[in-house]
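> Take this structure, written in structure tokens, and hold onto it; I'll ask about it next.
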Amino acid sequence: MMRAWTACLTGLLMAAECGAESMDDLWGESTVKLRAENAERGELFDEGNYAMFIHWGLYSLLGNKVDGKTYYGIGEWIMDPKMAGIPVDEYKQLAKRFNPTEFDAKAIAKLAKDAGMKYIVITAKHHDGFAMYDSKACDFNITEATPWKVDPMKDLAAACREVGLGFGFYYSHSQDWTFPGGRKGPVVDENGEPASFDDYFTKKCLPQVKELCTEYGPIELIWFDTPGGMEKKYVQQLVDVVREHQPRALVSGRAGHNLGDYQTLGDMEVPHHNVEGMWESVDTTNDSWAYAWYDENWKSPAKILHRLISCVARGGTYMLNIGPDGQGAVPERATQSLRAAGEWIRRYPQVVYATDASPWGHALPWGDVTVKGDRLYLSVFDWPLSGKLHLPGLKTGIKSALLHDDGKTVELTHESSAGWTTFGLPPRPPEGLASVIELRLDGPPQVDSTFGIDPDLGTEILAEFSTPTEATIVKDRWMEKFGEWVCEYPVTEWKAGGKTVWEVDVLEPGDYLASLSYAGEGRLVWGVEVLGGEKIQNQQNASHNYQEFPIGWIHFPKPGNYKVAVSCLEGNIESAKLRSLRLKAVEP
Ligand code: FHN
């Protein structure tokens with residue numbers, strides 16, 4: 001399948017993260033892989049685009065509360081000293097209380113199916129080292145160490161096959177916090193003898209991966225994670241085992257040493273540029289991967305769809321996580337959101353499955369675009385109240401523009417001016433979550449991907465789409481709690497005279513309010529300039545959180561392309577991190 005790749009984000013950006021280098025080390029190399037290298041195994045991603053991730057283990061029993069104290073962050077890290085710091089022997093005792101009788105493999109497979117997902121990947125062993133399946137290689141496992149004694153992976157593998165879903169395992173291959181020699185695990189064995197990584201690898205890791213590849217029928221994926229520090233020879237052996245026993249299975253990019261089949265972006269990262277090759281974003285229905293009792297920050301159905309469609313429109317796959325609790329039950333609000341999003345997908349499968357990336361290479365102010373041959377699917381999340389939807393830069397002729405409404409289609413009027421196409425819309429969107437307009441074109445879509453300034457909605461353009469001089473685009477990644485990553489690509493490292501420039505396409509001339517979103521320390525003076533035209537400046541304060549501030553009105557005298565430059569003129573300019581520029585027409 002041909003993909004209209006427009007840019008490779010990874011290659012363009014300079015990764016000068018503040019305090020997050022260790023996370024990239026931990027995630028390992030993430031070089032882009034092209035589909036041609038693994039065409040057959042890539043089918044899963046081509047057809048699928050949407051999957052269920054499940055984090056479930058002994059840690060789910062705690063749900064982030066230990067001895068009455070709540071720890072905020074990703075629940076599966078509860079053992080870690082940065083969370084509750086639970087000693088190995090104490091943690092292992094949890095198994096005696098693990099009796100998740102509410103786990104219902106069929107119900108979970110049905111939920112994934114109803115949600116519109118195409119495969120499930122579940123934690124067979126996370127960093128805590130506990131095998132959630134019947135492992136002969138290590139008795140710290142669900143059938144030997146718990147009163148439940150059930151192998152839920154057998155049931156889930158069977159349930160997935162029954163409803164036609166793909167199935168795969170998450171396996172923490174490097175980190176093992178309870179087995180001697182595992183990364184961050186005990187450094188001596190039960191006899192007090194020093195234990196090496198090789199001991200862990202040969203006694204536990206390699207045999208367990210072999211078990212997973214031989215005992216559960218055909219699997220679609222082995223999702224290795226956080227290879228940081230693991231030698232290539234070990235990763236190679238694991239990949240060889242997968243290839244030998246499951247030749248059609250994909251291996252996640254986080255296997256390490258560039259031996260996986262595809263790229264996994266940073267946790268919870270939905271990219272803004274189209275990304276080349278096979279890749280996925282992994283995300284959660286709330287903030288934690290594993291169940292956390294307090295975590296009610298659920299993604300709404302609209303947010304799930306928006307993030308899914310953003311991934312598909314950038315050329316990738318979206319794997320969305322649920323965290324069943326210690327009884328095995330899936331939190332009700334996660335299931336509600338997933339099902340509601342799934343109902344939408346059932347009405348519009350053509351928007352999500354086996355579609356190509358947007359030829360614009362980025363989102364548009366009202367939503368996003370996916371492509372199938374000569375058809376464009378416009379998913380409109382923000383329905384313009386003006387009764388007009390503006391599409392910049394489409395060069396290919398339109399045969400028909402069809403708004404999907406309750407199983408029918410309504411032909412929309414459209415007219416072209418200055419390279420823009422404007423569609424007439426009814427006052428109300430037919431869909432509550434996202435309405436779909438299908439454009440049937442005269443041929444494959446050709447577009448000018450310059451950012452259009454939407455005359456009604458305005459346009460926010462991220463700094464990563466600008467060209468800086470005497471300033472730099474960097475990756476700014478941080479955690480609000482523990483383990484849930486947020487990522488921005490601001491222009492920073494400003495020097496005197498530095499500026500960053502965006503090219504924009506204006507349909508309707510006039511005054512526009514220019515606002516900047518940035519972080520920094522204290523007083524900052526910013527300049528905004530239409531090159532060859534007006535220049536304004538203003539002072540606003542900054543804080544360490546990104547905030548949007550109005551700078552002032554600028555003027556575009558006629559329709560057409562302009563260059564808009566932003567400079568950080570005064571104040572603590574070294575601290576300034578410019579996230580985006582927003583231009584919004586001033587209301588008459
Ligand atoms: O450390 C793990 C984390 O617990 C979780 O499993 C995520 C999912 O992508 N992977 C690692 C951190 O990136």
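Order determines the names: the first chain of the structure tokens is A, the second B, and so forth; residues in each chain are numbered 1 upward, and ligands are numbered 1 upward as they are shown.
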If the limit is 9 Å from any atom of ligand 1, counting only C-alpha atoms and all ligand atoms, which residues qualify? Return them as a tab-separated table (two decimals) with all heavy atoms, in the first residue's frame.


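Output file pocket25.tsv follows:
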```
chain	number	residue	atom	x	y	z
A	23	MET	N	15.00	8.54	29.69
A	23	MET	CA	13.84	7.84	29.16
A	23	MET	C	14.12	7.37	27.74
A	23	MET	O	13.78	6.25	27.38
A	23	MET	CB	12.62	8.77	29.19
A	23	MET	CG	11.33	8.02	29.21
A	23	MET	SD	11.19	6.95	30.65
A	23	MET	CE	10.54	5.46	29.91
A	24	ASP	N	14.76	8.22	26.93
A	24	ASP	CA	15.09	7.79	25.57
A	24	ASP	C	16.09	6.62	25.61
A	24	ASP	O	16.00	5.71	24.79
A	24	ASP	CB	15.66	8.94	24.75
A	24	ASP	CG	14.54	9.75	24.11
A	24	ASP	OD1	13.45	9.20	23.94
A	24	ASP	OD2	14.77	10.93	23.81
A	26	LEU	N	16.26	4.43	27.91
A	26	LEU	CA	15.48	3.28	28.35
A	26	LEU	C	14.64	2.70	27.21
A	26	LEU	O	14.47	1.50	27.08
A	26	LEU	CB	14.57	3.71	29.51
A	26	LEU	CG	14.17	2.68	30.53
A	26	LEU	CD1	15.40	2.06	31.18
A	26	LEU	CD2	13.31	3.33	31.61
A	27	TRP	N	14.07	3.58	26.38
A	27	TRP	CA	13.23	3.12	25.27
A	27	TRP	C	14.06	2.52	24.14
A	27	TRP	O	13.53	1.87	23.26
A	27	TRP	CB	12.37	4.29	24.75
A	27	TRP	CG	11.17	4.56	25.61
A	27	TRP	CD1	10.52	3.66	26.40
A	27	TRP	CD2	10.48	5.81	25.79
A	27	TRP	NE1	9.46	4.27	27.05
A	27	TRP	CE2	9.42	5.59	26.69
A	27	TRP	CE3	10.65	7.09	25.27
A	27	TRP	CZ2	8.54	6.58	27.09
A	27	TRP	CZ3	9.78	8.08	25.66
A	27	TRP	CH2	8.73	7.84	26.56
A	53	PHE	N	-4.33	-2.25	24.43
A	53	PHE	CA	-3.18	-2.57	25.27
A	53	PHE	C	-3.76	-2.86	26.65
A	53	PHE	O	-4.73	-2.20	27.07
A	53	PHE	CB	-2.33	-1.30	25.33
A	53	PHE	CG	-0.85	-1.48	25.55
A	53	PHE	CD1	-0.23	-2.72	25.53
A	53	PHE	CD2	-0.05	-0.34	25.76
A	53	PHE	CE1	1.13	-2.83	25.71
A	53	PHE	CE2	1.31	-0.45	25.94
A	53	PHE	CZ	1.91	-1.69	25.92
A	55	HIS	N	-2.55	-3.45	30.69
A	55	HIS	CA	-1.58	-3.59	31.78
A	55	HIS	C	-2.32	-4.19	32.96
A	55	HIS	O	-3.22	-3.57	33.54
A	55	HIS	CB	-1.00	-2.22	32.16
A	55	HIS	CG	0.13	-1.78	31.27
A	55	HIS	ND1	-0.04	-1.48	29.95
A	55	HIS	CD2	1.46	-1.59	31.54
A	55	HIS	CE1	1.13	-1.12	29.43
A	55	HIS	NE2	2.06	-1.18	30.37
A	74	ILE	N	2.10	6.01	37.46
A	74	ILE	CA	1.73	4.77	36.76
A	74	ILE	C	1.82	3.59	37.73
A	74	ILE	O	2.86	3.33	38.33
A	74	ILE	CB	2.56	4.56	35.48
A	74	ILE	CG1	4.07	4.69	35.71
A	74	ILE	CG2	2.13	5.56	34.41
A	74	ILE	CD1	4.93	4.39	34.47
A	75	GLY	N	0.69	2.88	37.85
A	75	GLY	CA	0.51	1.91	38.92
A	75	GLY	C	1.47	0.73	38.88
A	75	GLY	O	1.83	0.17	39.93
A	76	GLU	N	1.90	0.34	37.69
A	76	GLU	CA	2.76	-0.84	37.58
A	76	GLU	C	4.17	-0.58	38.10
A	76	GLU	O	4.97	-1.50	38.25
A	76	GLU	CB	2.78	-1.36	36.13
A	76	GLU	CG	3.44	-0.48	35.09
A	76	GLU	CD	2.61	0.72	34.65
A	76	GLU	OE1	1.50	0.91	35.19
A	76	GLU	OE2	3.07	1.47	33.76
A	77	TRP	N	4.47	0.69	38.42
A	77	TRP	CA	5.77	1.04	38.99
A	77	TRP	C	5.70	1.19	40.50
A	77	TRP	O	6.60	1.78	41.11
A	77	TRP	CB	6.29	2.35	38.35
A	77	TRP	CG	7.00	2.14	37.05
A	77	TRP	CD1	6.44	1.73	35.88
A	77	TRP	CD2	8.40	2.33	36.78
A	77	TRP	NE1	7.39	1.64	34.89
A	77	TRP	CE2	8.61	2.01	35.42
A	77	TRP	CE3	9.49	2.72	37.54
A	77	TRP	CZ2	9.87	2.08	34.81
A	77	TRP	CZ3	10.74	2.80	36.92
A	77	TRP	CH2	10.93	2.47	35.58
A	123	THR	N	0.07	-7.57	29.11
A	123	THR	CA	1.31	-7.79	29.87
A	123	THR	C	1.41	-9.24	30.32
A	123	THR	O	0.71	-9.66	31.25
A	123	THR	CB	1.33	-6.89	31.12
A	123	THR	OG1	0.03	-6.95	31.76
A	123	THR	CG2	1.64	-5.44	30.76
A	126	HIS	N	5.52	-7.89	33.38
A	126	HIS	CA	5.98	-6.49	33.41
A	126	HIS	C	7.28	-6.43	34.21
A	126	HIS	O	7.89	-7.46	34.51
A	126	HIS	CB	4.87	-5.57	33.96
A	126	HIS	CG	5.02	-4.16	33.49
A	126	HIS	ND1	5.76	-3.24	34.17
A	126	HIS	CD2	4.55	-3.53	32.39
A	126	HIS	CE1	5.75	-2.09	33.50
A	126	HIS	NE2	5.02	-2.24	32.41
A	127	HIS	N	7.72	-5.19	34.53
A	127	HIS	CA	9.03	-5.05	35.18
A	127	HIS	C	9.08	-5.76	36.54
A	127	HIS	O	10.16	-6.07	37.03
A	127	HIS	CB	9.37	-3.57	35.40
A	127	HIS	CG	9.24	-2.69	34.18
A	127	HIS	ND1	9.44	-3.15	32.91
A	127	HIS	CD2	8.96	-1.36	34.06
A	127	HIS	CE1	9.26	-2.16	32.05
A	127	HIS	NE2	8.98	-1.06	32.72
A	170	TYR	N	2.89	-8.36	25.80
A	170	TYR	CA	3.91	-7.42	26.30
A	170	TYR	C	4.86	-8.27	27.14
A	170	TYR	O	4.43	-9.07	27.98
A	170	TYR	CB	3.23	-6.36	27.18
A	170	TYR	CG	4.18	-5.43	27.91
A	170	TYR	CD1	4.31	-4.09	27.53
A	170	TYR	CD2	4.95	-5.87	28.99
A	170	TYR	CE1	5.16	-3.23	28.22
A	170	TYR	CE2	5.80	-5.02	29.67
A	170	TYR	CZ	5.91	-3.71	29.27
A	170	TYR	OH	6.76	-2.86	29.95
A	172	SER	N	8.49	-7.57	29.43
A	172	SER	CA	9.61	-6.73	29.88
A	172	SER	C	10.87	-7.58	29.86
A	172	SER	O	11.08	-8.41	30.76
A	172	SER	CB	9.32	-6.20	31.29
A	172	SER	OG	10.46	-5.51	31.77
A	175	GLN	N	14.20	-5.14	32.09
A	175	GLN	CA	13.91	-4.90	33.51
A	175	GLN	C	13.18	-6.11	34.10
A	175	GLN	O	12.16	-6.55	33.57
A	175	GLN	CB	13.01	-3.67	33.67
A	175	GLN	CG	13.66	-2.38	33.22
A	175	GLN	CD	12.90	-1.17	33.73
A	175	GLN	OE1	12.84	-0.94	34.94
A	175	GLN	NE2	12.36	-0.39	32.82
A	225	ASP	N	9.79	-4.08	25.83
A	225	ASP	CA	9.75	-2.70	26.33
A	225	ASP	C	11.01	-2.38	27.12
A	225	ASP	O	11.59	-3.25	27.76
A	225	ASP	CB	8.51	-2.55	27.22
A	225	ASP	CG	8.13	-1.10	27.49
A	225	ASP	OD1	8.69	-0.19	26.84
A	225	ASP	OD2	7.25	-0.88	28.34
A	226	THR	N	11.42	-1.13	27.09
A	226	THR	CA	12.55	-0.56	27.86
A	226	THR	C	13.80	-1.44	27.81
A	226	THR	O	14.23	-1.97	28.84
A	226	THR	CB	12.15	-0.27	29.33
A	226	THR	OG1	11.82	-1.46	30.00
A	226	THR	CG2	11.01	0.72	29.42
A	254	ARG	N	10.62	-1.34	20.59
A	254	ARG	CA	11.30	-1.25	21.89
A	254	ARG	C	12.01	-2.54	22.27
A	254	ARG	O	12.41	-2.73	23.42
A	254	ARG	CB	10.32	-0.82	22.97
A	254	ARG	CG	9.88	0.62	22.79
A	254	ARG	CD	9.30	1.16	24.07
A	254	ARG	NE	8.58	2.39	23.84
A	254	ARG	CZ	7.66	2.89	24.65
A	254	ARG	NH1	7.35	2.23	25.77
A	254	ARG	NH2	7.07	4.02	24.39
A	264	THR	N	7.99	2.57	17.96
A	264	THR	CA	7.01	2.99	18.95
A	264	THR	C	7.43	4.37	19.44
A	264	THR	O	8.57	4.55	19.86
A	264	THR	CB	6.97	2.01	20.15
A	264	THR	OG1	6.55	0.74	19.66
A	264	THR	CG2	5.99	2.47	21.20
A	265	LEU	N	6.52	5.32	19.33
A	265	LEU	CA	6.86	6.67	19.80
A	265	LEU	C	6.90	6.69	21.32
A	265	LEU	O	6.57	5.70	21.97
A	265	LEU	CB	5.84	7.68	19.28
A	265	LEU	CG	5.64	7.71	17.76
A	265	LEU	CD1	4.73	8.87	17.38
A	265	LEU	CD2	6.96	7.85	17.01
A	266	GLY	N	7.27	7.82	21.88
A	266	GLY	CA	7.27	7.96	23.33
A	266	GLY	C	5.88	7.72	23.89
A	266	GLY	O	4.87	7.95	23.21
A	267	ASP	N	5.79	7.26	25.12
A	267	ASP	CA	4.48	6.98	25.73
A	267	ASP	C	3.57	8.20	25.59
A	267	ASP	O	3.99	9.34	25.84
A	267	ASP	CB	4.65	6.67	27.22
A	267	ASP	CG	5.26	5.30	27.45
A	267	ASP	OD1	5.44	4.55	26.47
A	267	ASP	OD2	5.57	5.00	28.62
A	268	MET	N	2.34	7.97	25.26
A	268	MET	CA	1.28	8.99	25.20
A	268	MET	C	1.56	10.09	24.18
A	268	MET	O	0.99	11.18	24.27
A	268	MET	CB	1.09	9.64	26.58
A	268	MET	CG	0.59	8.69	27.64
A	268	MET	SD	1.66	8.68	29.08
A	268	MET	CE	0.92	7.42	30.10
A	281	SER	N	1.56	4.75	18.26
A	281	SER	CA	1.54	5.52	19.51
A	281	SER	C	0.86	4.65	20.54
A	281	SER	O	-0.14	3.99	20.22
A	281	SER	CB	0.69	6.78	19.34
A	281	SER	OG	1.41	7.76	18.69
A	282	VAL	N	1.37	4.67	21.76
A	282	VAL	CA	0.68	3.96	22.84
A	282	VAL	C	0.17	4.98	23.84
A	282	VAL	O	0.84	5.95	24.15
A	282	VAL	CB	1.59	2.91	23.53
A	282	VAL	CG1	1.79	1.72	22.63
A	282	VAL	CG2	2.93	3.50	23.95
A	283	ASP	N	-1.04	4.74	24.32
A	283	ASP	CA	-1.75	5.74	25.11
A	283	ASP	C	-2.63	5.00	26.12
A	283	ASP	O	-2.81	3.79	26.03
A	283	ASP	CB	-2.63	6.54	24.13
A	283	ASP	CG	-2.99	7.91	24.65
A	283	ASP	OD1	-2.52	8.29	25.73
A	283	ASP	OD2	-3.75	8.62	23.96
A	284	THR	N	-3.17	5.74	27.07
A	284	THR	CA	-4.02	5.09	28.09
A	284	THR	C	-5.40	5.75	28.12
A	284	THR	O	-5.54	6.91	27.73
A	284	THR	CB	-3.42	5.23	29.50
A	284	THR	OG1	-3.43	6.60	29.85
A	284	THR	CG2	-2.03	4.70	29.58
A	288	SER	N	-2.84	6.45	34.14
A	288	SER	CA	-1.94	5.33	34.50
A	288	SER	C	-2.15	4.19	33.51
A	288	SER	O	-3.23	4.04	32.95
A	288	SER	CB	-2.28	4.85	35.92
A	288	SER	OG	-1.54	3.69	36.23
A	289	TRP	N	-1.12	3.38	33.34
A	289	TRP	CA	-1.30	2.18	32.51
A	289	TRP	C	-2.05	1.12	33.32
A	289	TRP	O	-3.09	0.65	32.91
A	289	TRP	CB	0.06	1.62	32.07
A	289	TRP	CG	0.88	2.57	31.26
A	289	TRP	CD1	1.92	3.33	31.70
A	289	TRP	CD2	0.72	2.91	29.87
A	289	TRP	NE1	2.42	4.10	30.68
A	289	TRP	CE2	1.71	3.86	29.55
A	289	TRP	CE3	-0.14	2.50	28.86
A	289	TRP	CZ2	1.85	4.41	28.27
A	289	TRP	CZ3	0.00	3.03	27.58
A	289	TRP	CH2	0.98	3.96	27.31
A	290	ALA	N	-1.50	0.80	34.50
A	290	ALA	CA	-2.17	-0.19	35.36
A	290	ALA	C	-3.24	0.51	36.19
A	290	ALA	O	-3.22	1.74	36.36
A	290	ALA	CB	-1.14	-0.85	36.27
A	321	ASN	N	-4.70	1.75	26.01
A	321	ASN	CA	-4.60	0.84	27.15
A	321	ASN	C	-5.81	0.86	28.09
A	321	ASN	O	-6.39	1.93	28.33
A	321	ASN	CB	-3.36	1.23	27.96
A	321	ASN	CG	-3.15	0.38	29.19
A	321	ASN	OD1	-2.71	-0.76	29.07
A	321	ASN	ND2	-3.47	0.92	30.35
A	483	GLY	N	5.57	9.01	35.37
A	483	GLY	CA	5.46	8.02	34.30
A	483	GLY	C	4.46	8.34	33.21
A	483	GLY	O	4.39	7.62	32.22
A	484	GLU	N	3.65	9.42	33.39
A	484	GLU	CA	2.73	9.76	32.30
A	484	GLU	C	3.37	10.98	31.59
A	484	GLU	O	3.40	12.07	32.09
A	484	GLU	CB	1.30	10.04	32.77
A	484	GLU	CG	1.14	10.54	34.18
A	484	GLU	CD	1.75	11.91	34.39
A	484	GLU	OE1	1.20	12.91	33.90
A	484	GLU	OE2	2.79	11.96	35.05
A	485	TRP	N	3.87	10.72	30.38
A	485	TRP	CA	4.72	11.69	29.71
A	485	TRP	C	3.92	12.69	28.89
A	485	TRP	O	2.93	12.34	28.26
A	485	TRP	CB	5.72	10.97	28.80
A	485	TRP	CG	6.73	10.21	29.59
A	485	TRP	CD1	6.69	8.89	29.94
A	485	TRP	CD2	7.91	10.74	30.19
A	485	TRP	NE1	7.78	8.57	30.69
A	485	TRP	CE2	8.55	9.68	30.87
A	485	TRP	CE3	8.50	12.01	30.22
A	485	TRP	CZ2	9.74	9.85	31.55
A	485	TRP	CZ3	9.69	12.17	30.91
A	485	TRP	CH2	10.29	11.10	31.57
```

> Find the residues near Ala158 (chain A): any atom within 9 Å, counting only C-alpha atoms, skip ones fewer than 4 places away on the same chain, and give them as a PyMOL selection string.

chain A and resi 105-106+153-154+162-163+216-217

> Could you please take those selected residues and save N, CA and C atoms as a PDB file, in the first residue's frame?


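So part-v6.pdb came out as:
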```pdb
ATOM      1  N   ALA A 105     -12.194 -13.105  30.154  1.00  0.00           N
ATOM      2  CA  ALA A 105     -11.461 -12.961  28.897  1.00  0.00           C
ATOM      3  C   ALA A 105     -12.410 -12.672  27.731  1.00  0.00           C
ATOM      4  N   LYS A 106     -13.554 -13.373  27.728  1.00  0.00           N
ATOM      5  CA  LYS A 106     -14.494 -13.192  26.609  1.00  0.00           C
ATOM      6  C   LYS A 106     -15.044 -11.774  26.602  1.00  0.00           C
ATOM      7  N   MET A 153      -4.011 -15.967  30.141  1.00  0.00           N
ATOM      8  CA  MET A 153      -3.537 -15.747  28.769  1.00  0.00           C
ATOM      9  C   MET A 153      -4.100 -16.811  27.820  1.00  0.00           C
ATOM     10  N   LYS A 154      -4.258 -18.008  28.345  1.00  0.00           N
ATOM     11  CA  LYS A 154      -4.869 -19.068  27.517  1.00  0.00           C
ATOM     12  C   LYS A 154      -6.283 -18.634  27.130  1.00  0.00           C
ATOM     13  N   GLU A 162     -11.617 -16.395  18.860  1.00  0.00           N
ATOM     14  CA  GLU A 162     -13.049 -16.643  18.643  1.00  0.00           C
ATOM     15  C   GLU A 162     -13.745 -15.451  17.976  1.00  0.00           C
ATOM     16  N   VAL A 163     -13.340 -14.241  18.378  1.00  0.00           N
ATOM     17  CA  VAL A 163     -14.031 -13.074  17.790  1.00  0.00           C
ATOM     18  C   VAL A 163     -13.225 -12.438  16.647  1.00  0.00           C
ATOM     19  N   TYR A 216       0.731 -20.596  23.028  1.00  0.00           N
ATOM     20  CA  TYR A 216      -0.528 -19.829  22.933  1.00  0.00           C
ATOM     21  C   TYR A 216      -1.050 -19.717  21.499  1.00  0.00           C
ATOM     22  N   GLY A 217      -0.643 -20.650  20.657  1.00  0.00           N
ATOM     23  CA  GLY A 217      -1.110 -20.612  19.266  1.00  0.00           C
ATOM     24  C   GLY A 217      -0.470 -19.457  18.519  1.00  0.00           C
TER      25      GLY A 217
END
```

> Measuring between only C-alpha atoms, which one of A:Ser435, A:Thr450, A:Ser580, A:Asn572 shows the shortest distance to Ile473 (chain A)?

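Closest candidate: A:Ser580.
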
> From a DSSP calculation on the backbone, collect every residue of region 338-583 of chain A in strand (DSSP E) and output the set as a ChimeraX atom specification.

/A:367-372,375-380,388-392,398-405,408-411,414-417,420-424,435-441,451-453,459-462,467-469,472-473,476-479,485-488,491-492,499-506,510-519,522-530,535-542,547-556,560-571,577-583

> Taking only C-alpha atoms into account, which of A:Ala519, A:Val528, A:Val486, A:Leu305 comes nearest Lys499 (chain A)?

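Nearest candidate to Lys499 (chain A) out of A:Ala519, A:Val528, A:Val486, A:Leu305: A:Val528.
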
> Have a look at A:Glu534, A:Asp134, A:Asp128, A:Asp155 and name the one nearest to Ile108 (chain A); count only C-alpha atoms.

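Nearest to Ile108 (chain A): A:Asp155.
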
> Considering only C-alpha atoms, tabulate each residue of region 232-343 of chain A that lies at most 12 Å from region 368-389 of chain A along with its nearest interatomic pair and the corresponding distance in Å to one decimal; arrange the rows by chain and ascending residue number and present them as CSV.


```
residue,atom,partner,partner_atom,distance
A:His272,CA,A:Asp368,CA,11.1
A:Asn274,CA,A:Thr370,CA,11.6
A:Pro301,CA,A:Phe381,CA,11.8
A:Ala302,CA,A:Phe381,CA,8.2
A:Lys303,CA,A:Phe381,CA,9.7
A:Ile304,CA,A:Phe381,CA,11.8
A:Leu305,CA,A:Phe381,CA,9.4
A:His306,CA,A:Phe381,CA,7.6
A:Arg307,CA,A:Asp368,CA,10.4
A:Leu308,CA,A:Asp368,CA,10.7
A:Ile309,CA,A:Asp368,CA,7.2
A:Ser310,CA,A:Asp368,CA,6.8
A:Cys311,CA,A:Asp368,CA,10.0
A:Val312,CA,A:Thr370,CA,7.2
A:Ala313,CA,A:Thr370,CA,5.2
A:Arg314,CA,A:Thr370,CA,8.6
A:Gly315,CA,A:Thr370,CA,8.9
A:Gly316,CA,A:Thr370,CA,11.2
```

> Since we have the selection now, will you write its residues out, keeping C-alpha atoms, as a PDB file, in the first residue's frame?


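Output below, filename out07.pdb:
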```pdb
ATOM      1  CA  HIS A 272       1.947  16.464  14.910  1.00  0.00           C
ATOM      2  CA  ASN A 274       3.295  12.762   9.451  1.00  0.00           C
ATOM      3  CA  PRO A 301     -15.155   9.122  23.430  1.00  0.00           C
ATOM      4  CA  ALA A 302     -14.441  12.313  21.438  1.00  0.00           C
ATOM      5  CA  LYS A 303     -10.896  12.508  22.783  1.00  0.00           C
ATOM      6  CA  ILE A 304     -10.265   8.836  21.997  1.00  0.00           C
ATOM      7  CA  LEU A 305     -11.506   9.284  18.444  1.00  0.00           C
ATOM      8  CA  HIS A 306      -9.551  12.480  17.997  1.00  0.00           C
ATOM      9  CA  ARG A 307      -6.307  10.842  19.130  1.00  0.00           C
ATOM     10  CA  LEU A 308      -6.981   7.703  17.066  1.00  0.00           C
ATOM     11  CA  ILE A 309      -7.749   9.677  13.908  1.00  0.00           C
ATOM     12  CA  SER A 310      -4.737  11.924  14.517  1.00  0.00           C
ATOM     13  CA  CYS A 311      -2.488   8.852  14.605  1.00  0.00           C
ATOM     14  CA  VAL A 312      -4.044   7.332  11.504  1.00  0.00           C
ATOM     15  CA  ALA A 313      -3.868  10.683   9.687  1.00  0.00           C
ATOM     16  CA  ARG A 314      -0.179  10.978  10.595  1.00  0.00           C
ATOM     17  CA  GLY A 315       0.376   7.506   9.081  1.00  0.00           C
ATOM     18  CA  GLY A 316       0.409   5.333  12.194  1.00  0.00           C
TER      19      GLY A 316
END
```

> Check the smallest atom-to-atom distance from each of A:Lys495, A:His173, A:Lys577, A:Arg477 to Gly520 (chain A) using only C-alpha atoms, then report the winner.

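Of all the options, A:Lys577 lies closest to Gly520 (chain A).
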